[in-house]
Structures are given as structure tokens and as C-alpha cells.
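Notes for the one structure printed next.
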Amino acid sequence: MDDLILQELRATNDLTKKAAIVAESVFNELPTERALVARRCIILHWFDQPVVEALLQDTSLRKNESQAIYEQLASLPFIEALSSGLTFQGLTREGLLKHYTITHPEPELLRRAASLAAPAYEAREEDEKIAAEALFCYIVAGNQRSGMRLLDNLLEQASSRGDFQRLGFLLQLQDEAERLPFVDPLFLTERQWILRALVHRIQGKQSAAIFAYNKAIAINPRNPRTYFSRGTTYAEQAYYSARSTQEGSLPYTGIMHDTLWRNDQVTVVFRSDIPLFSEGNHNTELLLRNLNLPLQLQRLNQFLQENHVPATLTFFDDNEKPIPPGQPVISDASNADSSKLPSGVHHFGLTAPIQTDFGEMISSVISFLNIQKEPARSASDTTSERALPGNGHDSKNDEALIRTIVTTLNDGLGHLNMKSMVPIAFSAPTWLCGGANVSQGCPLTPPMPVVDACSYWHITLPDLNPQLQSMTGDGVTVFILDAFPEREVISRAARYAGDHNLLLSNVNETVSFDYSLMSGVQEILDMASTGNTAVGKDVYGEHYPFRMADHGLFIAGIVRDVAPQSKIECIRVLNDLGVGDLNKAVGALWRIYNRMSLVNPETGQGGDLYQKPVVINLSLCIPTDQEAQQKHINSVVPGFNIIQGDLLLAITSLTQIGAIVVAPAGNEGDLREMGLERKRPMALYPAAFGNSIHNVIAVGAVTSNDTAASYSCYPGSRGIATYGGEVPEVQPLDPPSINPVVTIKDALRGIYSSVVYPPVSAVPADPPAQYYAAPNDYAWAYWMGTSFATPIVSGVAARILELKATGILTDSVHDAILKTASGVVTWDNLDPSTGDPVGTTTGPMLKAMQICIAEDTDGDDDDTEIVVSIS
Amino acid sequence: MVYKTIDTHEAIGLFDDLMQPNSQTRILRLLGDSKLGKSHLLTKVFPMLAQQNSRARCVILDLQSHFISEVPDILHAICGMLGGNSCDSYYASHQAWTNRPKVDIDHLNAVFSSVTISVKEPTLHEIRQRDRDLTTQFVRDMSRLTDVLLLFDSVDRATEYIQNWLMYSLLIQLSSLAHVRVVVAGRSLPEAHGSYLALCRSYRLVPVTDVVEYIAYCRSLQATLSEQSIRDFAKAFDYTPGVFVDFVLPHFVPRSAHG
């Protein structure tokens, strides 16, 4: 026997097959009918003595022998004992099933076994687990009628409880049976197919769900709801598919990208001396006719061609059919097209003109333009040193082409303005912007789950004066431009959290979310143009990208808490990786500007926010001059800084008509990254506009001890600081660990809708560190940084605007915000460029604390925890 | 009784350490492919060692989805095996959940025919809430017991929901109890959660290539196999001890010597 078996074993490398050979060798030594019973058991997931008894039916074995046979089976080494009976060890069953269905097919053996066992299981159908095995057996046995009946019953029972796990299990069981080559599938009803589709959707298997909907439609083509559901599933599939593609290509650790701009667009800002509004009239049409954007674009393209730049600029609308540079120029200023505002073009009015070297600017027209690359030039074409191979998809070449276009246009500002008569203020790349400085990589840490049992973490402002204490932001609209989870995700998180998170519930019910500027699909499409840029830092301060769709939601929660009656509108301008571009950000600001205008040019109606109080929370940053220089871009042109220019114009216009803009100073003083030699940097832009633009408020962060947070940039002399938390403690500190223990002592708690959290450490792990599941459904997370100090001030700004509307407050809002400060914070170790000779200065600090105001009585924890260790 | 094994010294060493009263380890993660001995260790060797060397009450649970599909199944099974009044809080809570007003069946039917998952989710939420609640009560019960050893086998064959619940809910809570020890085993396991990482050891079983181990095993069971045959079979079974045992035990070991 030894040699024979050895020979058989050596003939295969498949361990399941070897396990089957072993089992067969043991069966062969059993008496024939006992061996038959043993082989019959192979098809069963588990069996007990009554089942074995049923399997004896067509043998000469008697019922009273079933116990002995059962005990004999139990003694076999590849049969395992369960609390409810016996089961074949997984590998052995797998091998034997393969053997009897593929290698030496004996369907009758298995079919007969299933047929005999099914009633024995079904006799105990009150236990759903046992009944499920009966279902499996009926399907294997080919007993359609009993299978259908039982499936219906079991699905009904599970669905009546909404038990999707059980539903999924039953469907899995059915699939397993039907995968056996000799088994005919059940003929399902429309309802069963719809149930299958539902389960697949819940499991995130859209393709399987669509297949099931198709089956349901084939049975009943007149059910409109099925079509609707299938359509929704298609949409989900497109979304998740695009997303997973993007995630699949996501660099995971140790990546610090150096992409500062989109590689498929540039920005051109035109100036006009025609005011956007005059004497109650909106002059958009007049301004555009006068400016004649198509003509200007053609002149710009002509100029680029003359300078051998291998690219053509187009409006977004004209992307498919750009005007060739060689075509006759459009000279008719009254051309009908010239009065239309092309897509991607935004105009802002100024109450006081800006004097530029080439004329006055009372209105700005910020144009985001596509670039169309021309075919590569031949080797013999040496007409320009600037000429670059602009074709193909090399991102470095694309980046260089953008630089060439921008430099050419900015170097030619004099020529363009004075000779070509193009009223161009400047050109710039379409800069990326982010949840923090995109090239530096922030926020400060990944979010981390809160496990305390509290239904409402509330921010108190103990030192605020009584008048402001009583304000709620009523009548004030607060816009939040940021990254946001899909609406469905927020609603779902709110439903799961229920009473465990009253703030999320409130936000879900009262806050509006606008995804029109950056839909989920658009986000994916844009990624290709931004070099898949992503930002983030782990708990060691190491750069690594992570999904942060909740960045904006966290902020919305804080605003909702501080200004509970304000109207909050969230506009998605950053993608889930915390990155956007100024096309989106300026586009969102333009929409707000239009709504605050006497006439909204987008609707032709009066602006619904005309002369109404508005706060804009901009928890995002743009690149710095230094970074632009590193990329060989000269950021300064006559009259403008081309990095800040378009945001400067948009924000200036907005603040001039009453909007309050609140922005984070930035987290770039991070000691973890810069070491003890670090200097605390000045605020990043747009927060830094606060130094020169009234009603732009830069916000720095302090710890719960009211000292300057180690990482916070200095918000400037016209900025303010409030609670933003401190970097958590990490063990071990050095060397960084794959699984550090993180002790959070000082962080804001805010709403968080995702069911997973990013890994806390970027240290390469094998297998790579994965996102981990939230430990509960409460949807509270810890996060820290100036991004989250900012909405506290936004909320306070809303309260001040409400108070101001009563006429009690005469101070400007900016001054009133600074006066809310109850303390002083010392900003140490300042960068010398702040102008302070000793590197230290002080600034106003608004005291804020977070307390639990609604204990979660049915939470998992009885005690409220202050310090939580997680990793 | 002594269960014979083929080179599980290291795993047994880790288990011994786990069972020390002052051990820094409270959770042992046992990984390895099929037939490398996980189930044998969990269902036979560890319980026997626990019985011999400690007073811990031992509960073994196979989490394969065919036998266990819901959290209450698991908690009920553990409580049943612990017996007595071990799980009063859990049973009371379970009773309360069972007696809660049932979900409106008509409503749910309507939900399913209308094919909107959004309306269904509150029920899903309720299940999750139930599981959290029952887990909390169960852990409360465990906190009142003396030494307990929980052995979870075939974790990889549990549903994803159960795997996540085990690793990221139950173990997080149980790891705070100094008198509870847990072994989880599977071909693969979800990552340990950071909250108990310091209290957790992982060990991966691998094929045993040292033939001496097989020879020693056969000798200890008085197997009627020559040394050369042992070598041949060990190799033919790709040095996978489980399959080797499945073969040798019924064919070459006297019944009286079966472990």
C-alpha cells in the first residue's frame, strides 16, 4: 500500500488532492457500506447522528447502528468535532469534493446523499442554521420545489429581521451548491432576484447586483422601481470603480509629491476698467463685450505661437474646437459670443480700483483655460529654446509646458498690454490647493477614533461676552469650502450613530452639501491632471497620503456647534485626498459672490444673499513663493503675486461686499518635521491676506493650556488664535513603529462619517498597513490642527454678524473678532521675516474648550474617558 | 492524556507564556495554512495544557460561517459552555433584545419590494447596536469570572462582519481583563488593533521540514513505519504535519495509542 500511495501522492502537488488521497485510503479500509456513509457525508457542511441515520436508508445497515458509525466517523483524524456535530476538515472536504465532482465524478453519490440528508435537517427547521443546511441539500439533490420553498421561508425570516448577514449567508450557500457541476440552479422569482441584488449592493458588489436586477427585470419588465435601483447601482459602480482605480495607484508611504499645479490648465487674469456694478445695474454684458474674451484668447494664442510655445489655449467650452492660431482674428467686439461668460471664467468687481502698470483694474476676469498641446517639433526646428515636447502624457513635460506658457505670457505683459492690446493682468498655473499646504503635506495627523461615550461634544467659549454668548448665528450663512464625504455616506453615518452623535444628526439634517463643482467622478478625472497628488502626515509627522473626505465635515460640525442657528452650506472643492485646485476654489467663491450681488448673473435674478451676512470658512492653503521658485516660476509680476493673485482678487471682492473670510494660519511649524531648529513660519495664504485685507481672519492654534500649539504658524498681527489641540504622544518615538501607541491628550473631537480610519503610521509594513475599522458607530473622531481651530472663529464670526445686524455692535467684524480674545498667546521662535527682532511676539487668543454635554447612556463605556490610547 | 504533535514547541511555549498569571500577553494570534496544526492545537493541545497547568475555564469555538453567523450565536455558545450563572448580564440583555418589539414585517416587505437600501439600514443599525450591547454585557460577565481561556478557531472562515467584530470589538474589550486569555487562529487574520497590540503575540505555523520531528512523533505513538517510510511520507505530504497525521494515525498507529 505504501508504495502505491506514495506514488499517488508524488504525482500531484495539490495538497487538497493529497488530503483526498489520504481520506480515500482510510475509507477503503472501512466496511463497504460504512465507507459509503462516510463518503455521503462529504457533501454536508456538518452532520450529526440523526443525519447519519438518514444516510443509512438505502443500505443494509440498521438504524441502531448509526451511533457506532457516527462514533467511528468521529474517530477519523480528518473529521472534526463541533458543538453541533461533526464536520470534515476543510482541506479534506475540499479535496474530496473535487475528487467526486471533477476527477472521478460521482454525482449520484453526492446527489443521493443530499437527498437523504435534506429531510433530516429540515425536520429541525425551527433552527435556521439547520434549515439552511437542508436548503443546501435540496439544491444539490435537484429538488427544485423543496429548495424554492425553503429558500423563500428562510429569506422571509431573515428579511423580516433585516438580517443582511443571514441573507448574505443563504445566498452564499445557494451559490456554493449551484457551483457544483452537476447541480441545476434554482429558478428564482423576481423578488428573490431583487433580494439578491440588495444583498450584493450592501456588500458593495455592484456587478453582481446589476446582474440580479437584470434577472428581476427579465422576469417582470414592468416594475419601474427595479429599473431605478439598477440605475442607481450603475452610478455606484461607476463611482467606486473610478475611486478604486485611483486608490490602487495611490502611493502609500514616504511620498512627498512636488506637484504644485494642474498640468492641463493655466489661469489668465484680465483687467477691466468697467465696473461690474454701477447705479444698481449689473454690467456683465457690457464688460464682456468690451473685453471680448474670444478675441483676447486668440491674441494670446497668436503671441504664444510667435514665441514658439507649442500649445493653444482654449475655453473649457471650446475644448473640442479651439480657434487655430493661424485663423483670422475675431475683430468684431459686438460679436454675440463675446458677451457670454465662457465656462471656467469668473468675474469679480472691486469697489476701489487697483492701479497696475498697464491701466486701472476695477473688475477682474479670472479665466481658467485648457491647454491643447501641439505636435512635437522636428529636430531641425530650433527656433526657440523654450519650445518643449508638449505632446504625449509625460507629466514632467506637461509641467514644463505650463511653466513655459506662464513665463512667456508674464514676460510679455508689456507687449501684450501695450501692443497686442490684451488687458492681461497676469498668467499663472492653475495652482493646487489643499486641506493644508499641498506640497508640505498636512493635516497634522490622521484622524483617530473617539471611544468615549458622549453624544454631544460641545465647544464652549467661556470668556465670550454675554451678548455674544446668547447669539447663535441666526440669519448668517456660513460657507465651508473643503473636502466632504458623499452625501449618502454622511446620512448613513448619522443613521448608524443615532443618538450616539447628536451633532452629526444635526449636521445631517440642517447642513447643505454642494458637490457640483467637484463630483465624485470629476474628482477622479481631475486626479490625472494633478499627478495624483495627495497629502497627509502620520503621527510621526511623516508625509503619507490618506483619505480625508471628512476634513470638511469635521469643520462643518464645529461651525454647527458654535453657531447652531446659522445656515451652513458646504461646497466640495477638495477631493478625498485633501487636494483641489484654484479653478474649483475660485469657482466656488464666484458663486458666493454672485449670490451676494444685486443681480446674480448666473440666474438673472436678485442675489439671494445680497446684503446678507456671510462667513466663508476656507480651511485650505496654496503653495508658497519659495515652492514656486523651486519650480522655476517667478511668482512676482508687476502689481501681482501670481500664486496669490486670483484668490486675492476674489477674496478682496467678496470682503468688499461684506463677506468675512476665515482661514487657517497653517501647521507648518511642525517640530516633528523641522526639528528643534525650526522657526515658526508666518501664516500661509489665503490666511495671510488677513494682514492686508480687512475681514480676512487668519487663525492660529493653541493647546488646551492656551499656549501656542507647537505646529501652528503665526497668524499675524491681525489674526487670532483659538483651540486646535496639540500633536499626540507616540510610543515608541524612535525608531518609528508600524503600530505605535498614540496617546491623545489634547485634540478636538468632531464628527467623522467614514467607517474606516487611515493607518496612524507611515512606516512600511508587510503587508502594508491598512485602513482600520472604526471601533464603534458613534462617528466621533479626534483631529487637531489650525484647520479645526478655524471653524471656531467662523462660528464666532457668525455670532458677531448676527449681533451686528441688531445694530448693537458698531465695530467692524474683524475688530470685533479680535476683541473676543480673552487672553494673549505668546508666539515664540518666530521666523525673522515676521519683523520681530527677538523672534517672539504676542497675539489675541479666544479661549475655547470642549466638553461633553450629553452623556451617551447606552454607549459601551460607563466612564467618560479623557485620555485614550489607540494606534 | 497527552496529545502528540509534530514540532509545535514554539507555539506551545507561547501558549504556556500566555497562561502565566502575570503574562504580558493576553491574546495569541495563531496563523498558518491548512493542516499545519492550528485546529489540533486549539481543540486538543491547548485545552489539555490549560486543564493541566491552570485552573482556567476553557471554551473552544469554531467560527466557520456555516455554524456561526451572528454575534449572539458566538456569545451564546461561549456562555453555554461556561455554564452556570457565568453570563447573567449577557442573558438578561439578550432577553431584553429578544423581547423588544419586532420590526414591522409588512414595512420591511414593502422596503424590499421598493428596493431601497436606505430605508433598510436602521434595522442593520439595530443589529449592530444589539451586538455592541450584548458584547458589553458579555465582557461585564467575563470581568466577574476567574480565569477564562477563549479559543477561536477558523476565524478566517467567519463572515467579514464577525471577523471585524471579534478583532475590533470583542478583543479590544476583553484585553482589558487581566484574567482572560484569548487565542485566535486562522489561515489569515485581521490585523491586531493597536489598543491591545502590546498585549498580543502572533505566531505563524509553517511546514515542518525537520524529519526528526516526524520520526519522534511516530515513535511516540508506536507507529509501524520504518524511518525511511516516515521520511518518504513526510516529503510526499510536503512536510505538512496535518496530512501526515491523517494518514499515519489510522493506518499505522495502534488504536490504543491514538491521542
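The chains in the C-alpha cells are called A, B, ... from first to last as shown; in each chain the residues are counted from 1, and the ligands are counted from 1 in the order shown.
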Close residues, Gln64 (chain B) itself excluded, 12 Å, only C-alpha atoms, min 2 positions apart in chain, as JSON, numbers by chain: {"A": [45, 46, 82, 87, 89, 90, 169], "B": [61, 62, 66, 67, 68, 69, 70, 73, 74, 152, 153, 154, 155, 156, 157, 158, 159, 160, 162, 163, 185, 186]}
Expected answer as number ranges by chain: chain A residues within 8 Å of chain B, only C-alpha atoms: A: 2, 6, 9-10, 15, 18-19, 22-23, 26, 45, 76-78, 82, 90-91, 129, 159-166, 169, 191, 194-195, 198, 202, 225-226, 229, 492, 495-496, 739-741, 773, 775-776, 858-860, 869-871
Expected answer as a PyMOL selection string: alpha helix (DSSP H) residues in region 44-161 of chain A: chain A and resi 49-55+66-75+90-98+107-122+128-141+144-160
Test item: residues at most 9 Å from region 602-611 of chain A, only C-alpha atoms, excluding those fewer than 6 positions along its chain, as a PyMOL selection string: chain A and resi 477+591-596+657-658
For the selection just defined, write its residues with N, CA, C and O atoms to a file, as an mmCIF file, in the first residue's frame.
data_model
loop_
_atom_site.group_PDB
_atom_site.id
_atom_site.type_symbol
_atom_site.label_atom_id
_atom_site.label_comp_id
_atom_site.auth_asym_id
_atom_site.auth_seq_id
_atom_site.Cartn_x
_atom_site.Cartn_y
_atom_site.Cartn_z
ATOM 1 N N THR A 477 -25.231 83.121 6.869
ATOM 2 C CA THR A 477 -24.874 81.945 6.059
ATOM 3 C C THR A 477 -23.374 81.712 6.179
ATOM 4 O O THR A 477 -22.578 82.640 5.963
ATOM 5 N N ARG A 591 -19.406 81.832 -7.170
ATOM 6 C CA ARG A 591 -20.829 81.540 -6.933
ATOM 7 C C ARG A 591 -21.350 82.291 -5.712
ATOM 8 O O ARG A 591 -22.467 82.806 -5.716
ATOM 9 N N ILE A 592 -20.535 82.319 -4.677
ATOM 10 C CA ILE A 592 -20.954 83.042 -3.467
ATOM 11 C C ILE A 592 -21.060 84.533 -3.786
ATOM 12 O O ILE A 592 -22.021 85.207 -3.397
ATOM 13 N N TYR A 593 -20.052 85.004 -4.513
ATOM 14 C CA TYR A 593 -20.038 86.428 -4.882
ATOM 15 C C TYR A 593 -21.302 86.780 -5.678
ATOM 16 O O TYR A 593 -21.948 87.800 -5.419
ATOM 17 N N ASN A 594 -21.667 85.929 -6.613
ATOM 18 C CA ASN A 594 -22.857 86.182 -7.426
ATOM 19 C C ASN A 594 -24.118 86.214 -6.559
ATOM 20 O O ASN A 594 -25.012 87.032 -6.762
ATOM 21 N N ARG A 595 -24.170 85.318 -5.598
ATOM 22 C CA ARG A 595 -25.351 85.274 -4.740
ATOM 23 C C ARG A 595 -25.406 86.482 -3.809
ATOM 24 O O ARG A 595 -26.470 86.862 -3.335
ATOM 25 N N MET A 596 -24.251 87.057 -3.539
ATOM 26 C CA MET A 596 -24.219 88.255 -2.690
ATOM 27 C C MET A 596 -24.403 89.530 -3.512
ATOM 28 O O MET A 596 -24.437 90.627 -2.957
ATOM 29 N N ILE A 657 -17.887 93.360 -0.328
ATOM 30 C CA ILE A 657 -19.357 93.377 -0.258
ATOM 31 C C ILE A 657 -19.849 92.695 1.032
ATOM 32 O O ILE A 657 -21.013 92.309 1.145
ATOM 33 N N GLY A 658 -18.940 92.550 1.995
ATOM 34 C CA GLY A 658 -19.391 92.170 3.333
ATOM 35 C C GLY A 658 -19.064 90.779 3.802
ATOM 36 O O GLY A 658 -19.340 90.438 4.959
#
For Val59 (chain B), the nearest of the candidates B:Arg130, B:Lys44, B:Arg219, B:Arg26, counting only C-alpha atoms: B:Lys44
Shell around Pro759 (chain A) at 12 Å using only C-alpha atoms, local window under 4 positions removed, as a PyMOL selection string: (chain A and resi 252-253+445-449+536-540+544-547+737-742+763-765+768-774+870-871) or (chain B and resi 191+193-194)
